[in-house]
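To start, the structure under review is shown below, and the notes come after it.
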Amino acid sequence: MRDGRPHRVLSGSLHYFRVHPDQWEDRLRRVAALGLNTVDTYVPWNFHEHTRGDVRFDGWRDLDRFVRLAQRTELDVIVRPGPYICAEWDNGGLPAWLTGRPGMRPRTSYPPFLEAVGRWFDQLIPRVAALQARNGGPVVAVQIENEYGSYGDDRGYVRWVRDALVARGITELLYTADGPTPLMLDAGTVPGELAAATFGSRPAEAAALLRARRPDEPFLCAEFWNGWFDHWGEEHHVRSAADAADTVAGILDAGGSVSLYMAHGGTNFGLWSGANHDGDRLQPTVTSYDSDAPVAEHGALTPKFHALREKLMAPGAAAGRPLPADPPLLSPRTLPVTRGAALLDGLRATVEPVHAPTPLSFEELGQSHGLVLYTAHPLLPPGTHPLTVTGLHDRAQVFADGVPVAVLDRETASCTLAGAGERVRLELLVENQGRVNYGPLLGQGKGILGGVRVDRRLVHGWSMHRLPLDAWTPQDLARAPSLAAPGAATGFATASLVLDEPADTFLALPGFGKGFLWVNGALLGRYWKIGPQRTLYLPHPFLRAGRNTLTLLELEHFGDAVVLRDGPDLGPPHEFVETFD
């Protein structure tokens, strides 16, 4: 009910932190044109407080501006403040400086965790409260935690989150969101607050389960998964427009309200991609968060947009909104690359090392993302010797006296070294590929968490170069390619793009292996030849008229050029629908 009259929520997820702020207004208009009356967004704590005590709500983090833009687009807003958000976002939105504290117990009633959440909520929630509908704003609902029933059963913690929201001024509708199973709903719901469900199929079953447990409550699908996300080295997930539209019709036929997850997916810019773990291996999430959404990563209206709009307009959603044209794109072209500083020499030259007897983790080094170059000088007797890295999180390139030896990951953290009775310069370039965002491994550390052994003997005497790539300034990027002699196969490279007028484009990197790409000093994200993603979306606000500089850090092998394409290549499609089977 809204003002005493029946109301159906027709919402779509659009994350301000995955869309360049200069494009917020455009994407909100496109979501509204889909036939929606509401937009919802998570709020990632680590995005706003990346460094402890430095809480920011400016620029890309200006939540107030995003919400007010939604209001001007005549959309209601639902806010999902967590503190945990999942969202395939690094660490599920929890700051690494918090989860990296020894003994921390996230998402529980552990007092140090609640104290930290309370301080964050003191900064965030009054801002949300001021934007509530009763205060003249567009915020009509706020979510309590996020799918907690998929994680734990500390119901006192979930009630604490509800009480913390109320104590800081939330008076609009509060609700929980959990998977449509008794196990998940048992632990994630709160007496007296609306229980919603998240799912991708079988809406009648979900509605029946919720109504059996909460007969006096409306049916709300807080996330309808009309698409899915992708992991590096796996398939590109899609869902047919007809199938997604039929399931939305089923939700509406069951008298339900719905939020499309995602209405517009956006991009995991920088190093914000999270990761899953299937019990056997880490599954890092790709840079694109297109999610096969109705509004594509670059804003185009897809066939799914039109199929869903046909279903959503029927119940009387906002009608008559014009359909925006697809955004303009740069014409295809090829940009030759100039090779710069070699990989190891260039990285060593960027920063002075930290020294310790044993390898330090990212958390001990005060670093959330990027790379750490670990160096030691063990004495190796003649012959071959097994090298073992204990607690490798996540991927290490191993070098002996500058020569590549092996690539290790969590599951294959051992290789063989050749010795000649002399000391060798042993280097391990370790990459954080994204912190786990879902499940019991939430909050795991990064780097080398145990030790490094040659045979049974631990290696001591380490130096560590901290390489927080997402924190490098444009000045750092401009300097890096010239810090050392060019590399034959790996290292830094640059390319130039001269434009009369900026527009969106897609970057392909044929011949390149794995690395990171910056545009005019802004870290666009990761690329990796194993796919499925083969192009990186480059929004026009990152570009300028005149000369633009693309900088690459290549870890495996150079290609010859960066290629601009006029469409995305996210990999061969694979139909996927989540069923909870």
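If you're wondering about the labels, chains in the structure tokens are A, B, ... by order shown, residues count from 1 in each chain, ligands from 1 in order shown.
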**Request:** Going by DSSP on the backbone, which bits of range 241-340 of chain A are alpha helix (DSSP H)? Write them as JSON, numbers by chain, please.
**Result:** {"A": [241, 242, 243, 244, 245, 246, 247, 248, 249, 250, 251, 252, 253, 303, 304, 305, 306, 307, 308, 309, 310, 311, 312, 313]}
At a cut-off of 7 Å, using only C-alpha atoms, what residues contact range 450-462 of chain A? Leave out same-chain residues fewer than 6 positions from it and give the result as a PDB file with N, CA and C atoms, in the first residue's frame.
ATOM      1  N   HIS A 355      60.892  -4.527   4.170  1.00  0.00           N
ATOM      2  CA  HIS A 355      61.685  -5.711   4.499  1.00  0.00           C
ATOM      3  C   HIS A 355      61.104  -6.415   5.723  1.00  0.00           C
ATOM      4  N   ALA A 356      61.150  -7.741   5.702  1.00  0.00           N
ATOM      5  CA  ALA A 356      60.667  -8.536   6.841  1.00  0.00           C
ATOM      6  C   ALA A 356      61.285  -9.929   6.750  1.00  0.00           C
ATOM      7  N   PRO A 357      61.392 -10.627   7.883  1.00  0.00           N
ATOM      8  CA  PRO A 357      61.943 -11.985   7.846  1.00  0.00           C
ATOM      9  C   PRO A 357      61.089 -12.957   7.042  1.00  0.00           C
ATOM     10  N   THR A 358      59.750 -12.772   7.084  1.00  0.00           N
ATOM     11  CA  THR A 358      58.834 -13.655   6.375  1.00  0.00           C
ATOM     12  C   THR A 358      57.968 -12.824   5.439  1.00  0.00           C
ATOM     13  N   PRO A 359      57.382 -13.446   4.417  1.00  0.00           N
ATOM     14  CA  PRO A 359      56.516 -12.677   3.522  1.00  0.00           C
ATOM     15  C   PRO A 359      55.298 -12.140   4.256  1.00  0.00           C
ATOM     16  N   TYR A 374      57.360 -10.003  -4.238  1.00  0.00           N
ATOM     17  CA  TYR A 374      58.110 -10.577  -3.124  1.00  0.00           C
ATOM     18  C   TYR A 374      59.481 -11.030  -3.639  1.00  0.00           C
ATOM     19  N   THR A 375      60.555 -10.674  -2.936  1.00  0.00           N
ATOM     20  CA  THR A 375      61.905 -11.037  -3.358  1.00  0.00           C
ATOM     21  C   THR A 375      62.706 -11.579  -2.180  1.00  0.00           C
ATOM     22  N   ALA A 376      63.427 -12.687  -2.415  1.00  0.00           N
ATOM     23  CA  ALA A 376      64.349 -13.260  -1.427  1.00  0.00           C
ATOM     24  C   ALA A 376      65.528 -13.856  -2.188  1.00  0.00           C
ATOM     25  N   PRO A 378      67.503 -17.122  -1.621  1.00  0.00           N
ATOM     26  CA  PRO A 378      67.878 -18.384  -0.979  1.00  0.00           C
ATOM     27  C   PRO A 378      69.089 -19.038  -1.669  1.00  0.00           C
ATOM     28  N   HIS A 385      64.873 -28.672  -6.912  1.00  0.00           N
ATOM     29  CA  HIS A 385      64.278 -28.586  -5.585  1.00  0.00           C
ATOM     30  C   HIS A 385      62.828 -28.120  -5.703  1.00  0.00           C
ATOM     31  N   PRO A 386      61.911 -28.719  -4.950  1.00  0.00           N
ATOM     32  CA  PRO A 386      60.523 -28.251  -4.968  1.00  0.00           C
ATOM     33  C   PRO A 386      60.380 -26.919  -4.231  1.00  0.00           C
ATOM     34  N   LEU A 387      59.683 -25.990  -4.854  1.00  0.00           N
ATOM     35  CA  LEU A 387      59.339 -24.705  -4.231  1.00  0.00           C
ATOM     36  C   LEU A 387      57.848 -24.741  -3.927  1.00  0.00           C
ATOM     37  N   THR A 388      57.474 -24.487  -2.678  1.00  0.00           N
ATOM     38  CA  THR A 388      56.074 -24.541  -2.261  1.00  0.00           C
ATOM     39  C   THR A 388      55.691 -23.237  -1.581  1.00  0.00           C
ATOM     40  N   VAL A 389      54.556 -22.680  -2.003  1.00  0.00           N
ATOM     41  CA  VAL A 389      54.025 -21.455  -1.394  1.00  0.00           C
ATOM     42  C   VAL A 389      52.783 -21.841  -0.605  1.00  0.00           C
ATOM     43  N   THR A 390      52.804 -21.633   0.679  1.00  0.00           N
ATOM     44  CA  THR A 390      51.679 -21.971   1.546  1.00  0.00           C
ATOM     45  C   THR A 390      50.770 -20.754   1.698  1.00  0.00           C
ATOM     46  N   GLY A 391      49.483 -20.961   1.441  1.00  0.00           N
ATOM     47  CA  GLY A 391      48.534 -19.850   1.580  1.00  0.00           C
ATOM     48  C   GLY A 391      48.692 -18.813   0.495  1.00  0.00           C
TER      49      GLY A 391
END
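Taking CA of Val140 in chain A and CA of Pro44 in chain A as endpoints, the distance between them is 19.4 Å.
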Within 8 Å of Leu343 in chain A, counting only C-alpha atoms, which residues show up once you throw out same-chain ones fewer than 4 positions away? Write them as a PDB file with C-alpha atoms, in the first residue's frame, please.
ATOM      1  CA  LEU A 347      57.922  -2.590 -10.962  1.00  0.00           C
ATOM      2  CA  GLY A 487      61.016  -5.398 -22.030  1.00  0.00           C
ATOM      3  CA  THR A 490      56.273  -8.144 -20.658  1.00  0.00           C
ATOM      4  CA  GLY A 491      56.060  -4.847 -18.829  1.00  0.00           C
ATOM      5  CA  PHE A 492      54.619  -1.435 -19.543  1.00  0.00           C
ATOM      6  CA  LEU A 553      50.890  -3.378 -17.683  1.00  0.00           C
ATOM      7  CA  GLU A 554      51.299  -6.750 -19.400  1.00  0.00           C
ATOM      8  CA  LEU A 555      52.194  -9.754 -17.229  1.00  0.00           C
TER       9      LEU A 555
END
Using DSSP assignments from the backbone, pull out every residue in range 9-254 of chain A that falls under strand (DSSP E or B) and give it to me as a short mmCIF file (atom, residue, chain, number, x, y, z; two decimals) with all heavy atoms, in the first residue's frame.
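Once written, selection-v1.cif looks like this:
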data_model
loop_
_atom_site.label_atom_id
_atom_site.label_comp_id
_atom_site.auth_asym_id
_atom_site.auth_seq_id
_atom_site.Cartn_x
_atom_site.Cartn_y
_atom_site.Cartn_z
N LEU A 10 7.85 -1.72 -9.34
CA LEU A 10 8.50 -2.21 -10.55
C LEU A 10 9.88 -1.55 -10.60
O LEU A 10 10.02 -0.41 -11.03
CB LEU A 10 7.68 -1.86 -11.80
CG LEU A 10 6.28 -2.48 -11.85
CD1 LEU A 10 5.51 -1.95 -13.04
CD2 LEU A 10 6.35 -4.00 -11.88
N SER A 11 10.84 -2.28 -10.10
CA SER A 11 12.16 -1.70 -9.86
C SER A 11 13.21 -2.37 -10.73
O SER A 11 12.98 -3.43 -11.34
CB SER A 11 12.54 -1.84 -8.38
OG SER A 11 13.76 -1.18 -8.10
N GLY A 12 14.35 -1.74 -10.80
CA GLY A 12 15.51 -2.32 -11.47
C GLY A 12 16.77 -1.88 -10.76
O GLY A 12 16.87 -0.75 -10.28
N SER A 13 17.73 -2.79 -10.67
CA SER A 13 19.01 -2.47 -10.02
C SER A 13 19.92 -1.73 -10.99
O SER A 13 20.10 -2.15 -12.14
CB SER A 13 19.69 -3.75 -9.54
OG SER A 13 18.99 -4.35 -8.48
N LEU A 14 20.48 -0.65 -10.52
CA LEU A 14 21.46 0.16 -11.24
C LEU A 14 22.42 0.68 -10.18
O LEU A 14 22.02 1.43 -9.29
CB LEU A 14 20.77 1.30 -11.98
CG LEU A 14 21.55 2.11 -13.02
CD1 LEU A 14 20.60 2.99 -13.82
CD2 LEU A 14 22.63 2.99 -12.40
N THR A 38 10.79 2.51 -10.15
CA THR A 38 11.71 2.52 -9.01
C THR A 38 13.09 2.06 -9.49
O THR A 38 13.20 1.26 -10.42
CB THR A 38 11.22 1.56 -7.91
OG1 THR A 38 9.87 1.87 -7.58
CG2 THR A 38 12.07 1.64 -6.65
N VAL A 39 14.13 2.57 -8.86
CA VAL A 39 15.49 2.07 -9.07
C VAL A 39 16.05 1.71 -7.70
O VAL A 39 15.74 2.35 -6.69
CB VAL A 39 16.37 3.13 -9.78
CG1 VAL A 39 16.61 4.35 -8.90
CG2 VAL A 39 17.71 2.53 -10.20
N ASP A 40 16.84 0.64 -7.65
CA ASP A 40 17.47 0.30 -6.38
C ASP A 40 18.97 0.17 -6.56
O ASP A 40 19.46 -0.14 -7.65
CB ASP A 40 16.88 -0.98 -5.77
CG ASP A 40 17.08 -2.21 -6.62
OD1 ASP A 40 18.22 -2.72 -6.66
OD2 ASP A 40 16.10 -2.68 -7.23
N THR A 41 19.69 0.45 -5.48
CA THR A 41 21.15 0.37 -5.51
C THR A 41 21.68 -0.10 -4.17
O THR A 41 21.13 0.22 -3.12
CB THR A 41 21.77 1.73 -5.87
OG1 THR A 41 23.21 1.57 -5.96
CG2 THR A 41 21.48 2.79 -4.82
N TYR A 42 22.73 -0.88 -4.24
CA TYR A 42 23.54 -1.16 -3.06
C TYR A 42 24.39 0.06 -2.73
O TYR A 42 24.57 0.97 -3.55
CB TYR A 42 24.48 -2.33 -3.33
CG TYR A 42 23.87 -3.71 -3.31
CD1 TYR A 42 23.96 -4.53 -4.43
CD2 TYR A 42 23.25 -4.21 -2.18
CE1 TYR A 42 23.43 -5.81 -4.42
CE2 TYR A 42 22.74 -5.49 -2.16
CZ TYR A 42 22.82 -6.29 -3.28
OH TYR A 42 22.31 -7.56 -3.26
N THR A 51 40.03 3.68 2.74
CA THR A 51 41.04 3.81 3.79
C THR A 51 40.33 4.12 5.09
O THR A 51 39.45 4.99 5.13
CB THR A 51 42.04 4.94 3.45
OG1 THR A 51 42.65 4.65 2.19
CG2 THR A 51 43.10 5.05 4.53
N ASP A 54 38.70 7.60 6.31
CA ASP A 54 38.53 8.54 5.21
C ASP A 54 37.24 8.20 4.48
O ASP A 54 37.24 7.49 3.47
CB ASP A 54 39.74 8.46 4.27
CG ASP A 54 39.65 9.46 3.11
OD1 ASP A 54 38.85 10.41 3.22
OD2 ASP A 54 40.38 9.28 2.11
N ASP A 76 11.14 6.31 -7.90
CA ASP A 76 11.39 6.05 -6.49
C ASP A 76 12.75 5.36 -6.36
O ASP A 76 13.29 4.83 -7.33
CB ASP A 76 10.31 5.12 -5.91
CG ASP A 76 8.94 5.78 -5.82
OD1 ASP A 76 8.88 7.02 -5.73
OD2 ASP A 76 7.93 5.04 -5.85
N VAL A 77 13.26 5.33 -5.14
CA VAL A 77 14.58 4.74 -4.89
C VAL A 77 14.50 3.79 -3.70
O VAL A 77 13.90 4.11 -2.66
CB VAL A 77 15.65 5.81 -4.62
CG1 VAL A 77 17.00 5.16 -4.28
CG2 VAL A 77 15.81 6.73 -5.83
N ILE A 78 15.08 2.61 -3.86
CA ILE A 78 15.28 1.67 -2.76
C ILE A 78 16.78 1.58 -2.50
O ILE A 78 17.56 1.38 -3.44
CB ILE A 78 14.71 0.27 -3.10
CG1 ILE A 78 13.19 0.35 -3.26
CG2 ILE A 78 15.08 -0.74 -2.04
CD1 ILE A 78 12.56 -0.95 -3.74
N VAL A 79 17.18 1.75 -1.27
CA VAL A 79 18.59 1.74 -0.89
C VAL A 79 18.90 0.45 -0.13
O VAL A 79 18.15 0.05 0.77
CB VAL A 79 18.95 2.97 -0.03
CG1 VAL A 79 20.42 2.92 0.40
CG2 VAL A 79 18.68 4.25 -0.82
N ARG A 80 20.03 -0.16 -0.48
CA ARG A 80 20.44 -1.44 0.12
C ARG A 80 21.82 -1.22 0.76
O ARG A 80 22.86 -1.46 0.13
CB ARG A 80 20.47 -2.52 -0.95
CG ARG A 80 19.19 -2.54 -1.79
CD ARG A 80 19.28 -3.49 -2.96
NE ARG A 80 19.17 -4.88 -2.53
CZ ARG A 80 19.31 -5.92 -3.35
NH1 ARG A 80 19.61 -5.73 -4.63
NH2 ARG A 80 19.18 -7.15 -2.89
N TRP A 89 31.00 -7.88 -5.87
CA TRP A 89 31.87 -6.73 -5.59
C TRP A 89 32.93 -7.18 -4.59
O TRP A 89 32.68 -8.01 -3.71
CB TRP A 89 31.03 -5.59 -4.99
CG TRP A 89 31.72 -4.28 -4.82
CD1 TRP A 89 32.18 -3.75 -3.65
CD2 TRP A 89 31.99 -3.31 -5.83
NE1 TRP A 89 32.72 -2.50 -3.87
CE2 TRP A 89 32.61 -2.21 -5.21
CE3 TRP A 89 31.76 -3.26 -7.20
CZ2 TRP A 89 33.01 -1.07 -5.92
CZ3 TRP A 89 32.16 -2.13 -7.90
CH2 TRP A 89 32.77 -1.05 -7.26
N GLN A 132 14.49 10.29 2.40
CA GLN A 132 13.27 9.49 2.44
C GLN A 132 12.07 10.29 1.91
O GLN A 132 12.05 11.52 1.93
CB GLN A 132 12.99 9.03 3.86
CG GLN A 132 14.00 8.00 4.36
CD GLN A 132 13.72 7.60 5.79
OE1 GLN A 132 13.33 6.47 6.06
NE2 GLN A 132 13.93 8.51 6.73
N VAL A 139 13.40 8.11 -1.56
CA VAL A 139 13.69 6.81 -0.95
C VAL A 139 12.44 6.28 -0.28
O VAL A 139 11.92 6.87 0.68
CB VAL A 139 14.85 6.91 0.05
CG1 VAL A 139 15.06 5.58 0.77
CG2 VAL A 139 16.14 7.32 -0.66
N VAL A 140 11.94 5.13 -0.77
CA VAL A 140 10.70 4.57 -0.27
C VAL A 140 10.91 3.28 0.52
O VAL A 140 9.98 2.78 1.16
CB VAL A 140 9.72 4.29 -1.42
CG1 VAL A 140 9.31 5.59 -2.10
CG2 VAL A 140 10.31 3.31 -2.43
N ALA A 141 12.12 2.72 0.48
CA ALA A 141 12.38 1.48 1.21
C ALA A 141 13.88 1.31 1.41
O ALA A 141 14.68 1.83 0.63
CB ALA A 141 11.81 0.27 0.46
N VAL A 142 14.23 0.57 2.46
CA VAL A 142 15.64 0.31 2.80
C VAL A 142 15.75 -1.17 3.17
O VAL A 142 14.94 -1.68 3.96
CB VAL A 142 16.13 1.21 3.96
CG1 VAL A 142 17.55 0.83 4.37
CG2 VAL A 142 16.05 2.69 3.56
N GLN A 143 16.74 -1.83 2.63
CA GLN A 143 16.92 -3.25 2.89
C GLN A 143 17.76 -3.48 4.14
O GLN A 143 18.73 -2.76 4.40
CB GLN A 143 17.59 -3.93 1.69
CG GLN A 143 17.74 -5.45 1.86
CD GLN A 143 18.28 -6.12 0.63
OE1 GLN A 143 17.66 -6.07 -0.43
NE2 GLN A 143 19.45 -6.74 0.75
N LEU A 173 9.63 1.85 4.54
CA LEU A 173 9.53 0.40 4.56
C LEU A 173 10.90 -0.25 4.73
O LEU A 173 11.85 0.07 4.02
CB LEU A 173 8.91 -0.08 3.24
CG LEU A 173 8.84 -1.59 3.03
CD1 LEU A 173 7.83 -2.22 3.97
CD2 LEU A 173 8.50 -1.90 1.57
N LEU A 174 10.98 -1.17 5.68
CA LEU A 174 12.17 -2.01 5.85
C LEU A 174 11.84 -3.42 5.41
O LEU A 174 10.73 -3.90 5.61
CB LEU A 174 12.61 -2.01 7.32
CG LEU A 174 13.25 -0.73 7.84
CD1 LEU A 174 13.33 -0.76 9.36
CD2 LEU A 174 14.63 -0.52 7.24
N TYR A 175 12.83 -4.11 4.83
CA TYR A 175 12.58 -5.47 4.37
C TYR A 175 13.89 -6.25 4.36
O TYR A 175 14.98 -5.67 4.32
CB TYR A 175 11.95 -5.48 2.98
CG TYR A 175 12.89 -5.05 1.86
CD1 TYR A 175 13.54 -6.01 1.07
CD2 TYR A 175 13.15 -3.70 1.60
CE1 TYR A 175 14.40 -5.63 0.06
CE2 TYR A 175 14.01 -3.33 0.60
CZ TYR A 175 14.64 -4.29 -0.17
OH TYR A 175 15.51 -3.91 -1.16
N THR A 176 13.78 -7.56 4.39
CA THR A 176 14.92 -8.45 4.18
C THR A 176 14.79 -9.11 2.82
O THR A 176 13.70 -9.17 2.26
CB THR A 176 14.98 -9.53 5.28
OG1 THR A 176 13.75 -10.26 5.27
CG2 THR A 176 15.22 -8.90 6.66
N ALA A 177 15.90 -9.64 2.31
CA ALA A 177 15.90 -10.32 1.01
C ALA A 177 16.73 -11.59 1.12
O ALA A 177 17.91 -11.52 1.48
CB ALA A 177 16.47 -9.40 -0.07
N ASP A 178 16.09 -12.73 0.81
CA ASP A 178 16.77 -14.02 0.93
C ASP A 178 16.31 -14.95 -0.18
O ASP A 178 15.24 -14.76 -0.78
CB ASP A 178 16.46 -14.67 2.29
CG ASP A 178 17.12 -13.93 3.43
OD1 ASP A 178 18.33 -14.11 3.62
OD2 ASP A 178 16.42 -13.14 4.11
N LEU A 194 9.00 -6.85 6.41
CA LEU A 194 8.65 -7.55 5.19
C LEU A 194 9.76 -8.53 4.79
O LEU A 194 10.94 -8.17 4.76
CB LEU A 194 8.43 -6.54 4.06
CG LEU A 194 8.16 -7.11 2.67
CD1 LEU A 194 6.85 -7.88 2.64
CD2 LEU A 194 8.15 -5.99 1.63
N ALA A 195 9.37 -9.76 4.48
CA ALA A 195 10.30 -10.77 3.99
C ALA A 195 10.17 -10.87 2.47
O ALA A 195 9.11 -11.26 1.96
CB ALA A 195 10.03 -12.12 4.63
N ALA A 196 11.23 -10.52 1.74
CA ALA A 196 11.25 -10.61 0.28
C ALA A 196 12.16 -11.75 -0.14
O ALA A 196 12.94 -12.28 0.66
CB ALA A 196 11.73 -9.29 -0.33
N ALA A 197 12.08 -12.13 -1.41
CA ALA A 197 12.87 -13.24 -1.92
C ALA A 197 13.69 -12.78 -3.12
O ALA A 197 13.34 -11.83 -3.82
CB ALA A 197 11.98 -14.41 -2.32
N THR A 198 14.80 -13.49 -3.36
CA THR A 198 15.64 -13.27 -4.53
C THR A 198 15.72 -14.59 -5.30
O THR A 198 16.01 -15.63 -4.72
CB THR A 198 17.05 -12.82 -4.11
OG1 THR A 198 17.66 -13.82 -3.29
CG2 THR A 198 17.00 -11.52 -3.33
N PHE A 199 15.47 -14.54 -6.61
CA PHE A 199 15.46 -15.78 -7.38
C PHE A 199 15.50 -15.46 -8.87
O PHE A 199 15.35 -14.30 -9.28
CB PHE A 199 14.22 -16.62 -7.05
CG PHE A 199 12.91 -15.92 -7.21
CD1 PHE A 199 12.27 -15.87 -8.45
CD2 PHE A 199 12.29 -15.30 -6.12
CE1 PHE A 199 11.06 -15.22 -8.60
CE2 PHE A 199 11.07 -14.65 -6.27
CZ PHE A 199 10.44 -14.61 -7.51
N LEU A 220 7.12 -9.81 -2.78
CA LEU A 220 8.14 -8.96 -3.39
C LEU A 220 9.34 -9.81 -3.79
O LEU A 220 9.96 -10.46 -2.93
CB LEU A 220 8.59 -7.85 -2.42
CG LEU A 220 9.84 -7.06 -2.83
CD1 LEU A 220 9.61 -6.30 -4.13
CD2 LEU A 220 10.25 -6.08 -1.71
N CYS A 221 9.65 -9.81 -5.06
CA CYS A 221 10.91 -10.39 -5.54
C CYS A 221 11.95 -9.27 -5.54
O CYS A 221 11.94 -8.39 -6.40
CB CYS A 221 10.75 -10.96 -6.95
SG CYS A 221 12.29 -11.54 -7.67
N ALA A 222 12.82 -9.29 -4.54
CA ALA A 222 13.78 -8.20 -4.36
C ALA A 222 14.90 -8.25 -5.39
O ALA A 222 15.59 -7.23 -5.60
CB ALA A 222 14.36 -8.24 -2.95
N GLU A 223 15.15 -9.41 -5.98
CA GLU A 223 16.07 -9.54 -7.11
C GLU A 223 15.52 -10.62 -8.03
O GLU A 223 15.44 -11.78 -7.64
CB GLU A 223 17.48 -9.96 -6.68
CG GLU A 223 18.28 -8.93 -5.93
CD GLU A 223 19.69 -9.42 -5.63
OE1 GLU A 223 20.10 -10.48 -6.18
OE2 GLU A 223 20.39 -8.76 -4.83
N PHE A 224 15.15 -10.23 -9.25
CA PHE A 224 14.86 -11.22 -10.27
C PHE A 224 16.05 -11.28 -11.21
O PHE A 224 16.38 -10.29 -11.88
CB PHE A 224 13.59 -10.90 -11.07
CG PHE A 224 13.49 -11.73 -12.32
CD1 PHE A 224 13.41 -13.11 -12.23
CD2 PHE A 224 13.55 -11.15 -13.57
CE1 PHE A 224 13.38 -13.89 -13.38
CE2 PHE A 224 13.50 -11.92 -14.72
CZ PHE A 224 13.42 -13.30 -14.62
N TRP A 225 16.70 -12.43 -11.26
CA TRP A 225 17.95 -12.58 -12.02
C TRP A 225 17.64 -12.84 -13.49
O TRP A 225 17.58 -13.97 -13.94
CB TRP A 225 18.79 -13.70 -11.41
CG TRP A 225 19.07 -13.46 -9.95
CD1 TRP A 225 19.35 -12.27 -9.36
CD2 TRP A 225 19.06 -14.42 -8.90
NE1 TRP A 225 19.54 -12.42 -8.00
CE2 TRP A 225 19.35 -13.74 -7.69
CE3 TRP A 225 18.83 -15.80 -8.86
CZ2 TRP A 225 19.42 -14.39 -6.46
CZ3 TRP A 225 18.90 -16.45 -7.64
CH2 TRP A 225 19.20 -15.74 -6.46
N HIS A 231 32.76 -15.38 -14.76
CA HIS A 231 34.08 -15.57 -14.15
C HIS A 231 35.12 -15.73 -15.25
O HIS A 231 34.84 -16.29 -16.31
CB HIS A 231 34.11 -16.82 -13.27
CG HIS A 231 33.21 -16.76 -12.09
ND1 HIS A 231 32.34 -17.77 -11.77
CD2 HIS A 231 33.04 -15.81 -11.13
CE1 HIS A 231 31.68 -17.46 -10.66
NE2 HIS A 231 32.08 -16.27 -10.27
N HIS A 236 30.37 -17.30 -20.86
CA HIS A 236 29.62 -16.05 -20.81
C HIS A 236 28.14 -16.39 -20.66
O HIS A 236 27.52 -16.96 -21.56
CB HIS A 236 29.86 -15.23 -22.06
CG HIS A 236 28.94 -14.05 -22.20
ND1 HIS A 236 28.68 -13.19 -21.15
CD2 HIS A 236 28.21 -13.59 -23.26
CE1 HIS A 236 27.83 -12.26 -21.55
NE2 HIS A 236 27.54 -12.49 -22.83
N HIS A 237 27.57 -16.03 -19.51
CA HIS A 237 26.20 -16.41 -19.20
C HIS A 237 25.20 -15.43 -19.80
O HIS A 237 25.35 -14.21 -19.67
CB HIS A 237 26.00 -16.45 -17.68
CG HIS A 237 26.88 -17.46 -17.00
ND1 HIS A 237 28.06 -17.12 -16.37
CD2 HIS A 237 26.77 -18.80 -16.88
CE1 HIS A 237 28.63 -18.20 -15.86
NE2 HIS A 237 27.86 -19.24 -16.16
N VAL A 238 24.18 -15.97 -20.42
CA VAL A 238 23.08 -15.16 -20.95
C VAL A 238 21.77 -15.85 -20.60
O VAL A 238 21.74 -17.01 -20.19
CB VAL A 238 23.19 -14.97 -22.48
CG1 VAL A 238 24.47 -14.26 -22.87
CG2 VAL A 238 23.08 -16.32 -23.20
#
**Message:** Could you check the closest approach to Glu147 in chain A for each of A:Arg134, A:Arg107, A:His20, A:Arg479 and tell me which residue wins, using only C-alpha atoms?
**Reply:** A:Arg107
**Request:** Would you list the contacts of Asp64 in chain A as an NGL selection string, taking every protein, DNA or RNA residue within 10 Å and counting only C-alpha atoms, but skipping same-chain residues closer than 3 positions in sequence?
**Result:** :A and (57-58 or 61 or 67-70 or 127-128 or 130-131)
Written selection (N, CA, C and O atoms) as a compact mmCIF listing (two decimals), in the first residue's frame:
# COMPACT_ATOMS: atom_id res chain seq x y z
N PHE A 57 31.91 11.01 0.25
CA PHE A 57 30.64 11.06 -0.47
C PHE A 57 30.70 12.12 -1.56
O PHE A 57 29.72 12.82 -1.81
N ASP A 58 31.84 12.20 -2.23
CA ASP A 58 32.01 13.20 -3.29
C ASP A 58 32.28 12.48 -4.60
O ASP A 58 32.56 11.29 -4.65
N ARG A 61 31.36 8.99 -5.60
CA ARG A 61 30.75 8.47 -4.38
C ARG A 61 29.61 9.35 -3.87
O ARG A 61 29.15 9.19 -2.73
N VAL A 67 20.79 9.79 -6.07
CA VAL A 67 19.40 9.64 -5.63
C VAL A 67 18.55 10.80 -6.12
O VAL A 67 17.40 10.62 -6.57
N ARG A 68 19.08 12.02 -6.07
CA ARG A 68 18.32 13.18 -6.54
C ARG A 68 18.12 13.13 -8.06
O ARG A 68 17.07 13.55 -8.57
N LEU A 69 19.09 12.61 -8.79
CA LEU A 69 18.90 12.43 -10.22
C LEU A 69 17.77 11.44 -10.50
O LEU A 69 16.97 11.64 -11.42
N ALA A 70 17.72 10.38 -9.71
CA ALA A 70 16.62 9.43 -9.85
C ALA A 70 15.28 10.10 -9.59
O ALA A 70 14.29 9.86 -10.30
N ARG A 127 22.27 10.32 5.94
CA ARG A 127 22.16 10.83 4.58
C ARG A 127 20.98 10.18 3.85
O ARG A 127 20.23 10.84 3.13
N VAL A 128 20.84 8.86 4.04
CA VAL A 128 19.73 8.15 3.42
C VAL A 128 18.41 8.61 4.03
O VAL A 128 17.42 8.82 3.32
N ALA A 130 17.61 11.45 5.25
CA ALA A 130 17.23 12.78 4.76
C ALA A 130 16.61 12.71 3.37
O ALA A 130 15.90 13.64 2.96
N LEU A 131 16.85 11.60 2.65
CA LEU A 131 16.33 11.45 1.29
C LEU A 131 15.05 10.64 1.24
O LEU A 131 14.56 10.31 0.15
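Candidate residues A:Pro203, A:Gly149, A:Pro215, A:Pro322 were compared for distance to Ala33 in chain A, and the nearest is A:Pro322, using only C-alpha atoms.
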